[in-house]
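Source file structure31.cif; content: mmCIF, C-alpha atoms and all ligand atoms.
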data_entry
loop_
_atom_site.label_atom_id
_atom_site.label_comp_id
_atom_site.auth_asym_id
_atom_site.auth_seq_id
_atom_site.Cartn_x
_atom_site.Cartn_y
_atom_site.Cartn_z
CA MET A 1 -5.41 -19.28 -15.85
CA LYS A 2 -5.30 -15.54 -16.65
CA VAL A 3 -6.30 -13.01 -13.98
CA LEU A 4 -6.77 -9.29 -14.60
CA VAL A 5 -6.06 -7.03 -11.60
CA ILE A 6 -7.72 -3.61 -11.65
CA ASN A 7 -6.90 -0.71 -9.34
CA SER A 8 -9.34 2.03 -10.27
CA GLY A 9 -8.90 5.52 -8.80
CA SER A 10 -10.92 8.69 -9.12
CA SER A 11 -9.21 9.72 -12.38
CA SER A 12 -7.01 6.74 -13.21
CA ILE A 13 -7.12 2.99 -13.80
CA LYS A 14 -4.10 0.78 -13.21
CA TYR A 15 -4.28 -2.76 -14.57
CA GLN A 16 -2.15 -5.86 -14.81
CA LEU A 17 -2.86 -9.14 -16.58
CA LEU A 18 -1.10 -12.16 -15.07
CA ASP A 19 -0.76 -15.73 -16.20
CA MET A 20 -1.33 -17.42 -12.85
CA ASN A 21 -0.03 -20.80 -14.02
CA THR A 22 3.46 -19.27 -14.10
CA GLU A 23 2.73 -16.11 -12.06
CA SER A 24 4.19 -14.04 -14.91
CA VAL A 25 3.03 -10.58 -15.95
CA LEU A 26 1.60 -10.53 -19.49
CA CYS A 27 0.92 -6.78 -19.61
CA THR A 28 0.42 -3.76 -17.38
CA GLY A 29 -1.15 -0.40 -18.00
CA LEU A 30 -2.03 2.96 -16.55
CA VAL A 31 -4.92 5.10 -17.80
CA GLU A 32 -4.49 8.62 -16.42
CA ARG A 33 -6.30 11.96 -16.32
CA ILE A 34 -9.72 10.47 -16.98
CA GLY A 35 -12.25 13.25 -17.55
CA GLU A 36 -9.55 15.88 -18.10
CA GLU A 37 -8.65 17.65 -21.33
CA GLU A 38 -5.60 15.53 -22.07
CA GLY A 39 -5.83 11.85 -21.17
CA ARG A 40 -3.06 9.28 -21.43
CA LEU A 41 -2.73 5.51 -21.53
CA VAL A 42 0.61 3.76 -21.13
CA HIS A 43 0.43 0.03 -21.89
CA LYS A 44 3.42 -2.29 -21.43
CA VAL A 45 3.58 -5.79 -22.87
CA ALA A 46 5.72 -8.40 -21.06
CA PRO A 47 7.26 -5.65 -18.90
CA ASP A 48 9.70 -7.93 -17.03
CA THR A 49 11.30 -9.43 -20.14
CA GLU A 50 13.76 -8.39 -22.81
CA ALA A 51 10.93 -8.45 -25.37
CA SER A 52 9.00 -5.76 -23.48
CA LYS A 53 7.04 -3.27 -25.58
CA LYS A 54 5.45 0.05 -24.61
CA ILE A 55 2.45 1.70 -26.25
CA THR A 56 1.43 5.25 -25.32
CA LEU A 57 -1.89 6.80 -26.32
CA GLU A 58 -2.53 10.50 -25.72
CA GLN A 59 -6.13 11.59 -26.23
CA PRO A 60 -9.07 12.81 -24.14
CA ILE A 61 -10.55 9.94 -22.10
CA ALA A 62 -14.06 10.99 -21.15
CA ASP A 63 -14.78 8.55 -18.33
CA HIS A 64 -13.80 5.20 -16.78
CA GLU A 65 -15.75 3.30 -19.44
CA ALA A 66 -13.83 5.01 -22.27
CA GLY A 67 -10.55 4.26 -20.46
CA MET A 68 -11.43 0.60 -19.96
CA VAL A 69 -12.53 0.20 -23.60
CA LEU A 70 -9.13 1.54 -24.78
CA ALA A 71 -7.31 -0.79 -22.36
CA ILE A 72 -9.35 -3.85 -23.41
CA ASP A 73 -8.53 -3.14 -27.03
CA LEU A 74 -4.82 -3.28 -26.20
CA ILE A 75 -5.14 -6.32 -23.92
CA CYS A 76 -7.53 -8.41 -26.05
CA GLY A 77 -7.46 -6.80 -29.51
CA PRO A 78 -5.83 -8.25 -32.66
CA ASN A 79 -2.35 -7.39 -31.32
CA GLY A 80 -3.20 -8.07 -27.68
CA VAL A 81 -1.58 -10.57 -25.32
CA VAL A 82 -4.83 -12.57 -25.41
CA LYS A 83 -7.02 -12.90 -28.46
CA ASP A 84 -10.37 -12.67 -26.76
CA LYS A 85 -11.91 -11.35 -23.53
CA SER A 86 -13.13 -14.86 -22.78
CA GLU A 87 -9.53 -15.95 -22.06
CA ILE A 88 -9.61 -13.87 -18.87
CA ALA A 89 -10.73 -16.27 -16.14
CA ALA A 90 -11.24 -13.78 -13.32
CA ILE A 91 -10.82 -10.14 -12.32
CA GLY A 92 -9.52 -8.93 -8.95
CA HIS A 93 -10.32 -5.36 -7.89
CA ARG A 94 -8.12 -3.58 -5.36
CA ILE A 95 -10.20 -1.84 -2.69
CA VAL A 96 -8.49 0.53 -0.24
CA HIS A 97 -11.19 0.50 2.44
CA GLY A 98 -13.53 -2.42 3.09
CA GLY A 99 -14.91 -1.07 6.37
CA GLU A 100 -15.86 -3.61 9.03
CA ASN A 101 -17.91 -5.96 6.88
CA LEU A 102 -15.76 -6.58 3.82
CA HIS A 103 -12.56 -8.42 4.63
CA GLU A 104 -12.27 -11.78 2.88
CA PRO A 105 -11.98 -11.68 -0.94
CA THR A 106 -15.64 -11.51 -2.02
CA LEU A 107 -17.45 -12.13 -5.30
CA ILE A 108 -18.89 -8.84 -6.52
CA ASP A 109 -22.67 -8.64 -6.61
CA ASP A 110 -25.15 -5.81 -6.03
CA ALA A 111 -24.86 -6.22 -2.25
CA VAL A 112 -21.07 -5.72 -2.35
CA VAL A 113 -21.50 -2.60 -4.49
CA GLU A 114 -24.06 -1.30 -1.99
CA GLU A 115 -21.70 -1.98 0.95
CA LEU A 116 -18.87 -0.11 -0.81
CA GLU A 117 -21.22 2.81 -1.40
CA LYS A 118 -22.18 2.80 2.28
CA ILE A 119 -18.57 3.16 3.45
CA ILE A 120 -17.66 6.02 1.07
CA PRO A 121 -17.51 8.43 4.08
CA LEU A 122 -14.65 6.30 5.49
CA ALA A 123 -12.66 6.51 2.22
CA PRO A 124 -13.96 9.48 0.22
CA LEU A 125 -10.76 9.72 -1.85
CA HIS A 126 -10.63 6.07 -2.87
CA ASN A 127 -13.91 4.16 -2.82
CA PRO A 128 -15.81 6.25 -5.42
CA GLY A 129 -12.98 5.57 -7.93
CA HIS A 130 -13.05 1.84 -7.12
CA LEU A 131 -16.80 1.80 -7.64
CA ALA A 132 -16.46 3.48 -11.04
CA GLY A 133 -13.99 0.78 -12.11
CA ILE A 134 -16.22 -2.01 -10.78
CA ARG A 135 -19.31 -0.72 -12.60
CA VAL A 136 -17.46 -0.52 -15.90
CA ALA A 137 -15.75 -3.90 -15.51
CA ARG A 138 -19.05 -5.61 -14.61
CA HIS A 139 -20.59 -4.11 -17.72
CA LEU A 140 -17.71 -4.98 -20.07
CA PHE A 141 -16.88 -8.40 -18.58
CA ALA A 142 -20.40 -9.53 -17.68
CA ASP A 143 -19.52 -13.26 -17.74
CA VAL A 144 -16.24 -13.08 -15.84
CA PRO A 145 -16.21 -13.68 -12.06
CA GLN A 146 -15.00 -10.51 -10.31
CA VAL A 147 -13.65 -10.32 -6.79
CA VAL A 148 -12.87 -7.45 -4.42
CA VAL A 149 -9.62 -7.68 -2.43
CA MET A 150 -9.40 -5.20 0.42
CA ASP A 151 -6.31 -3.31 1.64
CA THR A 152 -7.89 -3.33 5.08
CA ALA A 153 -8.34 -7.13 5.11
CA TYR A 154 -4.99 -8.15 6.60
CA HIS A 155 -5.63 -5.93 9.61
CA GLN A 156 -9.05 -7.40 10.46
CA THR A 157 -7.34 -9.59 13.08
CA LEU A 158 -6.33 -6.59 15.23
CA PRO A 159 -7.67 -7.02 18.76
CA PRO A 160 -10.09 -4.35 20.09
CA LYS A 161 -7.38 -2.93 22.39
CA ALA A 162 -5.37 -2.07 19.26
CA TYR A 163 -8.19 -0.87 17.02
CA MET A 164 -10.34 1.13 19.45
CA TYR A 165 -9.67 4.85 19.92
CA ALA A 166 -10.15 6.15 23.45
CA LEU A 167 -13.20 8.18 22.36
CA PRO A 168 -16.86 8.15 23.43
CA HIS A 169 -18.02 4.61 22.66
CA GLU A 170 -21.03 5.78 20.64
CA LEU A 171 -18.69 7.00 17.89
CA TYR A 172 -17.80 3.36 17.33
CA ASP A 173 -21.36 2.12 17.82
CA GLU A 174 -22.90 4.63 15.44
CA LEU A 175 -20.17 5.47 12.93
CA ARG A 176 -17.73 2.56 13.23
CA ILE A 177 -14.95 5.00 14.07
CA ARG A 178 -11.96 2.77 14.82
CA ARG A 179 -8.53 2.00 13.46
CA TYR A 180 -8.61 -0.07 10.24
CA GLY A 181 -5.05 -0.01 8.89
CA PHE A 182 -4.02 0.09 5.22
CA HIS A 183 -1.38 -1.34 2.83
CA GLY A 184 -2.60 -4.70 4.17
CA THR A 185 -2.08 -6.56 0.89
CA SER A 186 1.55 -5.42 0.92
CA HIS A 187 2.15 -6.18 4.63
CA GLY A 188 0.58 -9.64 4.28
CA TYR A 189 2.55 -10.41 1.11
CA VAL A 190 6.02 -9.49 2.45
CA ALA A 191 5.34 -11.08 5.87
CA LYS A 192 4.44 -14.39 4.17
CA GLU A 193 7.42 -14.10 1.82
CA ALA A 194 9.75 -13.60 4.80
CA ALA A 195 8.36 -16.67 6.59
CA ARG A 196 8.79 -18.70 3.39
CA LEU A 197 12.38 -17.47 2.88
CA MET A 198 13.23 -18.21 6.53
CA HIS A 199 11.60 -21.68 6.28
CA ARG A 200 9.23 -20.88 9.11
CA PRO A 201 5.53 -21.77 9.28
CA PHE A 202 3.56 -18.54 9.00
CA GLU A 203 1.23 -19.62 11.85
CA THR A 204 4.09 -19.21 14.35
CA PHE A 205 5.89 -16.31 12.67
CA ASN A 206 6.31 -12.93 14.42
CA CYS A 207 7.46 -9.94 12.40
CA ILE A 208 7.39 -6.18 11.89
CA THR A 209 6.73 -5.10 8.31
CA VAL A 210 7.82 -1.58 7.36
CA HIS A 211 6.15 -0.27 4.18
CA LEU A 212 7.92 2.97 3.21
CA GLY A 213 6.72 4.45 -0.08
CA ASN A 214 4.84 7.63 -0.79
CA GLY A 215 2.50 6.38 1.93
CA CYS A 216 4.22 4.75 4.91
CA SER A 217 2.91 2.28 7.46
CA MET A 218 4.11 -0.41 9.84
CA THR A 219 2.40 -3.61 10.99
CA ALA A 220 3.13 -6.02 13.82
CA THR A 221 2.28 -9.65 13.00
CA ALA A 222 2.10 -12.29 15.75
CA ASN A 223 1.67 -15.97 14.86
CA GLY A 224 0.79 -15.06 11.28
CA LYS A 225 -1.89 -12.52 12.22
CA ALA A 226 -1.75 -8.71 12.25
CA VAL A 227 -2.03 -7.45 15.85
CA ASP A 228 -1.24 -3.76 15.43
CA THR A 229 -0.67 -1.27 12.64
CA SER A 230 0.25 2.40 12.37
CA MET A 231 -2.52 3.73 10.07
CA GLY A 232 -5.93 4.43 11.55
CA ILE A 233 -9.44 5.18 10.38
CA THR A 234 -7.78 6.91 7.40
CA PRO A 235 -4.30 6.43 5.89
CA LEU A 236 -3.04 9.60 7.67
CA GLU A 237 -2.10 8.26 11.10
CA GLY A 238 1.31 6.92 12.08
CA LEU A 239 4.59 7.32 10.24
CA VAL A 240 5.91 10.43 8.47
CA MET A 241 5.09 10.12 4.73
CA GLY A 242 5.80 11.99 1.48
CA THR A 243 3.13 14.65 2.04
CA ARG A 244 1.23 13.23 5.05
CA SER A 245 2.08 14.18 8.61
CA GLY A 246 1.40 10.89 10.37
CA ASP A 247 0.79 11.30 14.12
CA VAL A 248 0.11 14.83 15.40
CA ASP A 249 -1.54 16.18 18.51
CA PRO A 250 -5.33 15.90 17.89
CA ALA A 251 -5.72 19.37 19.44
CA LEU A 252 -4.03 20.82 16.34
CA HIS A 253 -7.33 21.32 14.49
CA ALA A 254 -8.75 23.51 17.26
CA LEU A 255 -5.51 25.41 17.73
CA LEU A 256 -5.24 26.27 14.02
CA ALA A 257 -8.92 27.21 13.92
CA ARG A 258 -8.32 29.70 16.75
CA THR A 259 -4.98 31.10 15.64
CA ARG A 260 -5.22 30.93 11.84
CA ASN A 261 -8.92 30.75 11.25
CA MET A 262 -8.46 27.48 9.37
CA THR A 263 -11.47 25.25 8.75
CA SER A 264 -11.26 21.55 9.47
CA GLU A 265 -11.16 20.99 5.67
CA ASP A 266 -8.12 23.33 5.45
CA VAL A 267 -6.31 21.45 8.22
CA ASP A 268 -7.20 18.08 6.67
CA GLN A 269 -5.82 19.22 3.33
CA MET A 270 -2.67 20.52 5.00
CA LEU A 271 -2.07 17.30 6.94
CA ASN A 272 -2.62 15.13 3.85
CA LYS A 273 -1.02 17.17 1.07
CA GLU A 274 1.34 19.76 2.54
CA SER A 275 2.96 17.97 5.46
CA GLY A 276 5.31 15.01 5.98
CA LEU A 277 8.67 15.25 4.21
CA LYS A 278 7.27 17.95 1.91
CA GLY A 279 6.13 20.08 4.83
CA LEU A 280 9.47 19.81 6.58
CA CYS A 281 11.78 20.51 3.63
CA GLY A 282 9.72 21.26 0.51
CA MET A 283 10.50 17.90 -1.15
CA ASN A 284 8.63 14.63 -0.95
CA ASP A 285 10.85 12.36 -3.02
CA MET A 286 13.57 10.76 -0.90
CA ARG A 287 16.02 10.87 -3.84
CA ASP A 288 15.74 14.68 -3.98
CA ILE A 289 16.12 14.87 -0.19
CA HIS A 290 19.40 12.94 -0.27
CA ALA A 291 20.70 15.15 -3.09
CA ALA A 292 19.79 18.26 -1.07
CA ILE A 293 21.49 16.88 2.06
CA GLU A 294 24.66 16.40 -0.01
CA MET A 295 24.45 20.12 -0.84
CA GLY A 296 24.21 20.99 2.87
CA ASP A 297 20.41 21.55 3.09
CA LYS A 298 19.63 21.48 6.84
CA LYS A 299 15.86 21.21 6.40
CA ALA A 300 16.29 18.14 4.19
CA GLU A 301 18.52 16.61 6.90
CA LEU A 302 15.84 17.34 9.49
CA ALA A 303 13.14 15.73 7.32
CA LEU A 304 15.20 12.54 7.05
CA ASP A 305 15.81 12.59 10.81
CA VAL A 306 12.15 13.12 11.69
CA GLN A 307 11.04 10.29 9.42
CA THR A 308 13.64 7.73 10.51
CA TYR A 309 13.23 8.63 14.21
CA ARG A 310 9.46 8.03 13.95
CA ASN A 311 10.14 4.70 12.19
CA ARG A 312 12.45 3.68 15.03
CA LYS A 313 9.93 4.67 17.69
CA TYR A 314 7.25 2.49 16.05
CA ILE A 315 9.64 -0.45 15.68
CA GLY A 316 10.44 -0.16 19.41
CA SER A 317 6.77 -0.11 20.33
CA TYR A 318 5.99 -3.12 18.13
CA MET A 319 8.90 -5.02 19.70
CA ALA A 320 7.18 -4.37 23.03
CA VAL A 321 3.84 -5.54 21.56
CA LEU A 322 5.31 -8.75 20.10
CA GLY A 323 7.92 -9.77 22.67
CA ARG A 324 9.60 -12.20 20.29
CA VAL A 325 10.38 -10.77 16.85
CA ASP A 326 11.67 -13.14 14.15
CA ALA A 327 12.12 -10.57 11.41
CA ILE A 328 11.89 -6.91 10.47
CA ILE A 329 11.03 -6.44 6.79
CA PHE A 330 11.45 -3.28 4.71
CA THR A 331 9.43 -2.80 1.53
CA ALA A 332 8.02 -0.27 -1.03
CA GLY A 333 9.83 2.56 -2.90
CA ILE A 334 11.94 3.88 0.00
CA GLY A 335 12.12 0.63 1.98
CA GLU A 336 13.41 -1.32 -1.03
CA ASN A 337 15.79 1.27 -2.46
CA ASP A 338 17.08 3.52 0.28
CA TYR A 339 19.85 2.01 2.41
CA ILE A 340 20.35 5.28 4.32
CA VAL A 341 16.73 5.32 5.54
CA ARG A 342 17.05 1.64 6.55
CA ARG A 343 20.36 2.30 8.33
CA ASN A 344 19.12 5.39 10.17
CA THR A 345 15.84 3.71 11.11
CA LEU A 346 17.69 0.83 12.78
CA GLN A 347 20.34 3.05 14.37
CA GLY A 348 20.79 2.35 18.09
CA LEU A 349 18.75 -0.87 17.99
CA ASP A 350 21.93 -2.92 18.40
CA CYS A 351 21.14 -2.96 22.12
CA PHE A 352 18.32 -5.38 21.14
CA GLY A 353 20.81 -7.54 19.23
CA ILE A 354 19.85 -6.18 15.80
CA LYS A 355 22.96 -6.15 13.63
CA ILE A 356 23.06 -4.95 10.05
CA ASP A 357 25.66 -5.96 7.48
CA LYS A 358 26.55 -2.50 6.15
CA MET A 359 27.91 -3.81 2.83
CA VAL A 360 24.85 -5.93 2.11
CA ASN A 361 22.50 -3.14 3.22
CA ALA A 362 24.12 -0.80 0.70
CA GLN A 363 23.11 -3.09 -2.19
CA ARG A 364 20.06 -2.38 -4.37
CA ALA A 365 17.49 -5.13 -4.00
CA SER A 366 15.21 -6.20 -6.81
CA GLU A 367 15.11 -9.65 -5.19
CA PRO A 368 14.58 -10.38 -1.46
CA LEU A 369 17.76 -9.67 0.48
CA LYS A 370 18.72 -10.43 4.08
CA ILE A 371 20.62 -7.39 5.35
CA SER A 372 21.28 -8.52 8.93
CA THR A 373 24.42 -10.38 9.97
CA ASP A 374 24.23 -14.09 10.75
CA ASP A 375 24.60 -13.40 14.49
CA SER A 376 21.82 -10.78 14.59
CA ALA A 377 19.10 -11.65 17.15
CA ILE A 378 16.43 -10.55 14.65
CA GLU A 379 16.72 -11.12 10.91
CA VAL A 380 16.26 -7.97 8.84
CA TRP A 381 15.08 -8.33 5.23
CA VAL A 382 14.37 -6.16 2.22
CA ILE A 383 11.53 -7.76 0.27
CA PRO A 384 10.06 -6.07 -2.83
CA THR A 385 6.32 -5.84 -2.44
CA ASN A 386 3.99 -7.10 -5.17
CA GLU A 387 0.41 -6.10 -4.42
CA GLU A 388 -0.87 -7.07 -7.88
CA LEU A 389 0.48 -10.61 -7.55
CA ALA A 390 -0.99 -10.85 -4.04
CA ILE A 391 -4.41 -9.73 -5.36
CA ALA A 392 -4.18 -12.12 -8.33
CA ARG A 393 -3.27 -15.02 -5.99
CA GLN A 394 -6.24 -14.30 -3.73
CA THR A 395 -8.55 -13.92 -6.74
CA LYS A 396 -7.36 -17.23 -8.21
CA GLU A 397 -7.71 -19.00 -4.86
CA PHE A 398 -11.22 -17.60 -4.40
CA VAL A 399 -12.42 -18.48 -7.90
CA ASN A 400 -10.95 -21.98 -7.72
P1 LIG B 1 5.98 3.87 -3.76
O1 LIG B 1 4.82 4.62 -3.18
O2 LIG B 1 6.19 2.54 -3.11
O3 LIG B 1 5.94 3.78 -5.27
O4 LIG B 1 7.29 4.75 -3.40
C1 LIG B 1 7.53 5.99 -3.99
C2 LIG B 1 8.62 6.72 -3.25
O5 LIG B 1 9.78 5.89 -3.14
C3 LIG B 1 9.14 7.95 -3.99
O6 LIG B 1 8.38 9.09 -3.67
C4 LIG B 1 10.55 8.08 -3.48
O7 LIG B 1 10.56 8.88 -2.30
C5 LIG B 1 10.94 6.69 -3.08
N1 LIG B 1 11.95 6.10 -3.98
C6 LIG B 1 11.77 5.50 -5.15
N2 LIG B 1 12.96 5.10 -5.67
C7 LIG B 1 13.91 5.46 -4.78
C8 LIG B 1 15.33 5.33 -4.73
N3 LIG B 1 16.02 4.73 -5.69
N4 LIG B 1 15.96 5.83 -3.64
C9 LIG B 1 15.28 6.42 -2.64
N5 LIG B 1 13.94 6.57 -2.64
C10 LIG B 1 13.27 6.10 -3.69
#

How does this structure look as structure tokens?
Ligand code: AMP
Amino acid sequence: MKVLVINSGSSSIKYQLLDMNTESVLCTGLVERIGEEEGRLVHKVAPDTEASKKITLEQPIADHEAGMVLAIDLICGPNGVVKDKSEIAAIGHRIVHGGENLHEPTLIDDAVVEELEKIIPLAPLHNPGHLAGIRVARHLFADVPQVVVMDTAYHQTLPPKAYMYALPHELYDELRIRRYGFHGTSHGYVAKEAARLMHRPFETFNCITVHLGNGCSMTATANGKAVDTSMGITPLEGLVMGTRSGDVDPALHALLARTRNMTSEDVDQMLNKESGLKGLCGMNDMRDIHAAIEMGDKKAELALDVQTYRNRKYIGSYMAVLGRVDAIIFTAGIGENDYIVRRNTLQGLDCFGIKIDKMVNAQRASEPLKISTDDSAIEVWVIPTNEELAIARQTKEFVN
């Protein structure tokens, strides 16, 4: 059974075709700069094998439909990995924000499209792009069942005490202002992988998942269900990220309006695009930050300290939330690759019995790796995330 996963953004479409009988990747692709002067499509066939092949097209791509048509030609054309569109059994669409009503994987119909349109104010950067991809895919694959899989879904089990802000209640009643959480497909995937690797039933598994990429978030899972998470109504709250501030004093907007005449749009832009690691030291890629620290850059050192200290604070608070913690799991670009961030994040937690094997931690992990010692009270793992596979699995399960 072949499943196509589509992650459509405002000016890009990422896709992956998987053979779900073997869970292998047949091809992946990225269509970029849709609607701009110079568009680009990078298509990779069998990317995880020695026979991998890359095709790059550089040409204007007027809209999502034009991008999808180019991609379909590469996926299903004469030289494609499948010979005909009809070989694709189902399509799974990644949706960043499902609001309160969309959580389970759901077959796309007009009502789902309408619901996604309704919650655009909650995710103005993401949902319009998803909708563009859905419209095109429904048009081009009219006979193929298509499913939405929400990033917010895993966090739907948060109890009200964790998802409610201490704000006037009518903001929730009227506008559904509450914490939703993001990266849920990733948190759910690595949490389940950890339980499987530790031979523990997920229904009784307690863990803290630490997703550190360009965006960073942390989730506490108790008995196989998310009970708290660091991101809020938008993906800005919580940890320090590449260009996002994470937690700040909510009075900041008013203070900057008074002292710098900044509008709320200016402050929003600053908190999302000019803050985080970039705000602190001018760089948002952790590899550049380490190189700068080596050269004696004090701001880069501070950025690393601020990020790893915030991580530690959240881990401590989730240990208090969970009581018993079976595992802490690191994932995503930084979490999977950066042993210094992992080491500094866990620094001082040995008083809770957390012990890291320094040699193992220093290894690069393309496969799941346990980095805690055998006598550590809590197992610590590095588990590469795989959101596309998680979406394809849920799509397959739903369609079957
Ligand atoms: P992601 O959003 O999961 O793709 O993560 C992207 C981020 O991961 C980049 O901005 C880098 O900061 C970080 N990253 C990727 N590779 C490495 C690496 N080898 N060492 C440290 N950080 C890395």

Could you tell me which of A:His183, A:His139, A:Lys54, A:Lys83 comes closest to His97 of chain A if we count only C-alpha atoms?
A:His183

List as a list of chain:residue names the protein and nucleic acid residues near Ile119 of chain A, meaning an atom at most 10 Å away when only C-alpha atoms are counted, but skip any in the same chain fewer than 2 places from it.
A:His97, A:Gly98, A:Gly99, A:Glu100, A:Asn101, A:Glu114, A:Glu115, A:Leu116, A:Glu117, A:Pro121, A:Leu122, A:Ala123, A:Pro124, A:Asn127, A:Pro128, A:Leu175, A:Arg176

With 12 Å as the cut-off and all atoms listed in the file counted, what is the closest atom pair between each nearby residue of segment 232-251 of chain A and segment 219-227 of chain A? Distances in Å to one decimal, ordered by chain and number, as JSON lines.
{"residue": "A:Gly232", "atom": "CA", "partner": "A:Thr219", "partner_atom": "CA", "distance": 11.6}
{"residue": "A:Gly238", "atom": "CA", "partner": "A:Thr219", "partner_atom": "CA", "distance": 10.6}
{"residue": "A:Leu239", "atom": "CA", "partner": "A:Thr219", "partner_atom": "CA", "distance": 11.2}

Just the selected residues (C-alpha atoms), exported as an mmCIF file, keeping the file's coordinate frame, please.
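Below you can see part-v7.cif, which holds the result:
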data_model
loop_
_atom_site.group_PDB
_atom_site.id
_atom_site.type_symbol
_atom_site.label_atom_id
_atom_site.label_comp_id
_atom_site.auth_asym_id
_atom_site.auth_seq_id
_atom_site.Cartn_x
_atom_site.Cartn_y
_atom_site.Cartn_z
ATOM 1 C CA GLY A 232 -5.930 4.430 11.550
ATOM 2 C CA GLY A 238 1.310 6.920 12.080
ATOM 3 C CA LEU A 239 4.590 7.320 10.240
#

Do you have, as a tab-separated table, the list of residues of chain A lying at most 7 Å from ligand LIG 1 (chain B), each with its nearest atom pair and that distance in Å to one decimal, counting only C-alpha atoms and all ligand atoms and ordered by chain then number?
residue	atom	partner	partner_atom	distance
A:Leu212	CA	B:LIG1	O2	6.6
A:Gly213	CA	B:LIG1	O4	3.4
A:Asn214	CA	B:LIG1	O1	3.8
A:Gly215	CA	B:LIG1	O1	5.9
A:Gly242	CA	B:LIG1	O6	6.4
A:Asn284	CA	B:LIG1	O6	6.2
A:Asp285	CA	B:LIG1	O7	3.6
A:Met286	CA	B:LIG1	O7	3.8
A:Arg287	CA	B:LIG1	C9	4.7
A:Ala332	CA	B:LIG1	O2	3.9
A:Gly333	CA	B:LIG1	O5	3.3
A:Ile334	CA	B:LIG1	N5	4.3
A:Asn337	CA	B:LIG1	C8	4.7
A:Asp338	CA	B:LIG1	C9	4.5

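Proximity to Gly188 of chain A was assessed for A:Ala320, A:Val112, A:Val69, A:Ala390 counting only C-alpha atoms; the smallest distance is recorded for A:Ala390.
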
Nearest to Met68 of chain A by atom-to-atom distance, counting all atoms listed in the file, from A:Ser52, A:Thr157, A:Ser24, A:Ser12:
A:Ser12

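Between Asp63 of chain A and the residues A:Ala132, A:Val5, A:Val25, A:Cys207, the shortest atom-to-atom distance, using all atoms listed in the file, involves A:Ala132.
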
Using all atoms listed in the file, which residues sit within 6 Å of segment 357-368 of chain A once same-chain residues fewer than 2 positions away are excluded, as a ChimeraX atom specification?
/A:337,339,371-373,382-383

Ala327 of chain A environment, 8 Å, only C-alpha atoms, sequence neighbours closer than 3 positions dropped, as a VMD selection string
chain A and resid 194 206 to 208 378 to 381

Just C-alpha atoms for this one: save the residues we selected as an mmCIF file, keeping the file's coordinate frame.
data_model
loop_
_atom_site.group_PDB
_atom_site.id
_atom_site.type_symbol
_atom_site.label_atom_id
_atom_site.label_comp_id
_atom_site.auth_asym_id
_atom_site.auth_seq_id
_atom_site.Cartn_x
_atom_site.Cartn_y
_atom_site.Cartn_z
ATOM 1 C CA ALA A 194 9.750 -13.600 4.800
ATOM 2 C CA ASN A 206 6.310 -12.930 14.420
ATOM 3 C CA CYS A 207 7.460 -9.940 12.400
ATOM 4 C CA ILE A 208 7.390 -6.180 11.890
ATOM 5 C CA ILE A 378 16.430 -10.550 14.650
ATOM 6 C CA GLU A 379 16.720 -11.120 10.910
ATOM 7 C CA VAL A 380 16.260 -7.970 8.840
ATOM 8 C CA TRP A 381 15.080 -8.330 5.230
#

Hey, what's within 9 Å of segment 392-396 of chain A if we count all atoms listed in the file and toss same-chain stuff fewer than 3 positions away? As a short mmCIF file (atom, residue, chain, number, x, y, z; two decimals) with C-alpha atoms, in the frame of the given file, please?
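Written file, around.cif:
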data_model
loop_
_atom_site.label_atom_id
_atom_site.label_comp_id
_atom_site.auth_asym_id
_atom_site.auth_seq_id
_atom_site.Cartn_x
_atom_site.Cartn_y
_atom_site.Cartn_z
CA MET A 1 -5.41 -19.28 -15.85
CA LYS A 2 -5.30 -15.54 -16.65
CA VAL A 3 -6.30 -13.01 -13.98
CA LEU A 4 -6.77 -9.29 -14.60
CA VAL A 5 -6.06 -7.03 -11.60
CA LEU A 17 -2.86 -9.14 -16.58
CA LEU A 18 -1.10 -12.16 -15.07
CA MET A 20 -1.33 -17.42 -12.85
CA GLU A 23 2.73 -16.11 -12.06
CA ALA A 89 -10.73 -16.27 -16.14
CA ALA A 90 -11.24 -13.78 -13.32
CA ILE A 91 -10.82 -10.14 -12.32
CA GLY A 92 -9.52 -8.93 -8.95
CA HIS A 93 -10.32 -5.36 -7.89
CA PRO A 105 -11.98 -11.68 -0.94
CA THR A 106 -15.64 -11.51 -2.02
CA GLN A 146 -15.00 -10.51 -10.31
CA VAL A 147 -13.65 -10.32 -6.79
CA VAL A 148 -12.87 -7.45 -4.42
CA VAL A 149 -9.62 -7.68 -2.43
CA GLU A 387 0.41 -6.10 -4.42
CA GLU A 388 -0.87 -7.07 -7.88
CA LEU A 389 0.48 -10.61 -7.55
CA VAL A 399 -12.42 -18.48 -7.90
CA ASN A 400 -10.95 -21.98 -7.72
#

Here's a test: counting only C-alpha atoms, identify every protein, DNA and RNA residue with an atom at most 8 Å from (-2.2, 6.3, -17.5) in the file's coordinate frame, and state them as a PyMOL selection string.
chain A and resi 12-14+29-33+39-42
